[in-house]
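A short worksheet on the structure shown next.
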Amino acid sequence: MIKLAARVASLSESVTLAIDAKAKAMKSQGIDVVNFGAGEPDFDTPAHIKEAAKKALDAGKTKYAPAAGLPELKAALAEKFQRDNGLSYKPSQISVNVGGKHSLFNAIMALVDRGDQVIIPAPYWVSYYEMVHAAEGTPVILPATADEDFKISPQALEAAITPRTVAVILNSPSNPTGSVYTAAELEALAEVIIKKDIVCISDELYEYLIYDNLAHVSIAGVRPGMLERTLVVNGFSKAYSMTGWRLGYCAGPQPLIDAINTLQSHSTSNATTFCQWAALEALKGSQEDVQKMKAAFDQRRKLLVEGLRGIPGVKCTMPAGAFYAFPDMSAFHGRKTPDGKVIGDSLQLAEYVLEDAKVGIVPGAAFGADAHQRFSYATSNENIEKGLGRLKESLAKLV
Ligand SMILES: Cc1ncc(COP(=O)(O)O)c(C=O)c1O
């Protein structure tokens, strides 16, 4: 028998991926599934970025690169941080990784010792929790409700910090809620983070997907003293529809970046070399496609949320960013399906909806919020309308 290490044996499979896989399997059997489960833009990578990758391949950019990333890309990222976020980093303070997920994994491995606590506001992106587990740390969940727009208060943060707390993970705009922290809210959280001398891991993957003329603010820049204790994590997946390219990056205090680079040099080495050349084009080339994608998401956001609000029993806040709606659908918990099964929780509700309506959604339990379901609007208007119609009919059958 194979004995697995405790650190992997205690990990759970991602529920988001499991339901998505079931929806995809049904689709491949020819079943007409409307899938709101996607965690990625439905647009192709912009053509000029793909061209740059082809050119890089033809030019022989097919060898190892420095583990921390191509100097050209790190210089462009330093410019990006200055231009978009007002943050001054030397290129040496930036590490290019194999997706934002990898940046986060590296960071947690570099920061967390056995038994260290990491504060994770809920609803949270599933992998934070499991990464802290994998590092043998203790995730400390700090819930925020829909009434609070899913945002934690400085008082709640302070109360959750103990002598074992090493870090808090913030995610604005948020997956799964779409919530966006304002500058004033971040400043108040930063005051606590500085006072309590902990690190902030700031996941800013959805930076460019913010609506209603709100601005993205990085917590690293809201107060003197924050830059020195924040790791900003970002990537190309969501901004440039480059999920399959696996390219993310992080920027932060030099000793932390050095540790991340050392760790990475013994695990993946550099992120794929020709992809990094394409990423350079993503940063430096036309941003027109980014704006087009954002405009499409904005319009779909309203279509989806208005439709959800029109279904009796569904309560939905308007997300300000990312491409997810996160309605409270707990009114259906405790109700019976036509064949007499009682819906006990968000997972059973998602399963019922997939089977009955052929609509794929992700149960809130996966994000630490069982009352909710996550709907991704990275899908066409036509699918949104079709899915909403079917959902309404299926939910009406629950008594
Ligand atoms: C909040 C959040 N952070 C990080 C990631 C990681 O993205 P990637 O590894 O594709 O860069 C995702 C992807 O779903 C996400 O939703």
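So you can find residues: chains in the structure tokens are A, B, ... in the order shown, residues in each start at 1, and ligands are numbered from 1 in order.
With the cut-off set to 7 Å and only C-alpha atoms and all ligand atoms counted, the residues surrounding ligand 1 are Gly39, Glu40, Gly99, Gly100, Lys101, His102, Trp125, Asn171, Ser174, Asn175, Asp203, Leu205, Gly235, Phe236, Ser237, Thr243, Arg246, Leu247 and Gly248 of chain A.
When DSSP reads the backbone of this structure, the residues of stretch 181-373 of chain A it assigns to strand (DSSP E or B) are Val199, Cys200, Ile201, Ser202, Asp203, Ile210, Thr230, Leu231, Val232, Val233, Asn234, Gly235, Gly248, Tyr249, Cys250, Ala251, Lys315, Gly321, Tyr324, Ala325, Asp328, Lys336, Val342, Val359, Gly360, Val362, Pro363, His372 and Gln373 of chain A.
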For those residues, write C-alpha atoms to a file as a compact mmCIF listing (two decimals), in the first residue's frame.
# COMPACT_ATOMS: atom_id res chain seq x y z
CA VAL A 199 1.74 40.14 6.07
CA CYS A 200 -1.00 40.84 3.53
CA ILE A 201 -1.27 38.64 0.46
CA SER A 202 -3.34 40.70 -1.96
CA ASP A 203 -4.84 38.68 -4.81
CA ILE A 210 -14.27 46.44 -12.37
CA THR A 230 2.27 43.19 1.14
CA LEU A 231 2.70 40.62 -1.58
CA VAL A 232 0.66 41.67 -4.61
CA VAL A 233 -0.40 38.69 -6.73
CA ASN A 234 -1.65 39.17 -10.26
CA GLY A 235 -1.62 37.39 -13.60
CA GLY A 248 1.11 34.87 -13.11
CA TYR A 249 3.36 37.16 -11.13
CA CYS A 250 3.87 38.66 -7.73
CA ALA A 251 5.68 41.66 -6.32
CA LYS A 315 -31.56 37.21 -3.51
CA GLY A 321 -16.07 43.29 -10.31
CA TYR A 324 -19.40 36.11 -10.99
CA ALA A 325 -22.77 36.64 -9.33
CA ASP A 328 -28.31 33.65 -1.74
CA LYS A 336 -38.54 18.81 -1.74
CA VAL A 342 -35.12 17.02 0.41
CA VAL A 359 -27.75 24.21 -15.69
CA GLY A 360 -24.28 24.10 -14.13
CA VAL A 362 -21.15 26.05 -8.25
CA PRO A 363 -22.34 25.43 -4.68
CA HIS A 372 -25.08 30.83 -1.85
CA GLN A 373 -24.45 29.59 -5.40
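Computed from the coordinates, the atom CA of A:Phe323 to atom CA of A:Asn106 distance equals 25.6 Å.
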**OP:** Would you mind listing what lies within 12 Å of A:Pro66 as JSON, numbers by chain, with only C-alpha atoms counted and same-chain residues fewer than 3 positions away left out?
**Re:** {"A": [63, 69, 70, 71, 72, 73, 74, 92, 95, 96, 97, 261, 262, 264, 265, 268, 269, 270, 271, 272, 273, 276]}
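Using only C-alpha atoms for every distance, the candidate list A:Met293, A:Ala156, A:Ile343, A:Val353 yields A:Met293 as the residue closest to A:Leu209.
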Original post:
Contacts of A:Ile19 at 10 Å or less, counting only C-alpha atoms, minus same-chain residues fewer than 6 places along, as a PyMOL selection string?
Top reply: chain A and resi 25+35+37+347+350-351+354+360-363
Please dump the current selection as a compact mmCIF listing (two decimals), in the first residue's frame; keep N, CA and C atoms.
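Result went into result.txt, see below:
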# COMPACT_ATOMS: atom_id res chain seq x y z
N ALA A 25 -18.98 16.67 -18.77
CA ALA A 25 -19.22 15.27 -19.17
C ALA A 25 -20.62 15.13 -19.77
N ASN A 35 -23.76 26.04 -18.89
CA ASN A 35 -22.80 25.98 -17.79
C ASN A 35 -22.42 27.37 -17.29
N GLY A 37 -20.59 27.51 -14.69
CA GLY A 37 -19.52 27.11 -13.76
C GLY A 37 -18.15 27.64 -14.12
N LEU A 347 -24.74 22.08 -2.11
CA LEU A 347 -24.26 21.06 -3.04
C LEU A 347 -25.45 20.29 -3.63
N ALA A 350 -27.22 22.47 -6.14
CA ALA A 350 -26.49 22.55 -7.42
C ALA A 350 -26.66 21.26 -8.22
N GLU A 351 -26.66 20.12 -7.51
CA GLU A 351 -26.82 18.84 -8.20
C GLU A 351 -28.22 18.73 -8.81
N LEU A 354 -28.41 20.93 -11.86
CA LEU A 354 -27.70 20.35 -13.00
C LEU A 354 -28.53 19.22 -13.63
N GLY A 360 -25.41 24.31 -15.03
CA GLY A 360 -24.28 24.10 -14.13
C GLY A 360 -23.99 25.34 -13.30
N ILE A 361 -24.08 25.20 -11.96
CA ILE A 361 -23.70 26.30 -11.07
C ILE A 361 -22.77 25.71 -10.00
N VAL A 362 -22.11 26.57 -9.23
CA VAL A 362 -21.15 26.05 -8.25
C VAL A 362 -21.66 26.31 -6.84
N PRO A 363 -21.78 25.26 -6.02
CA PRO A 363 -22.34 25.43 -4.68
C PRO A 363 -21.48 26.32 -3.80
Subject >> Given only C-alpha atoms as the counted atoms, nearest of A:Ala279, A:Met26, A:Val314, A:Ile194 to A:Thr45 >> reply: A:Ala279
Subject >> Expected answer as a ChimeraX atom specification: helix (DSSP H, G or I) residues in stretch 176-337 of chain A >> reply: /A:183-195,219-221,227-229,243-245,254-265,273-284,288-309,330-332
Subject >> Residue nearest A:Thr162 among A:Ser127, A:Ile119, A:Ala183, A:Arg309 (counting only C-alpha atoms) >> reply: A:Ile119
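Reported to one decimal place, the separation of atom CA of A:Ile169 from atom CA of A:Val217 is 15.3 Å.
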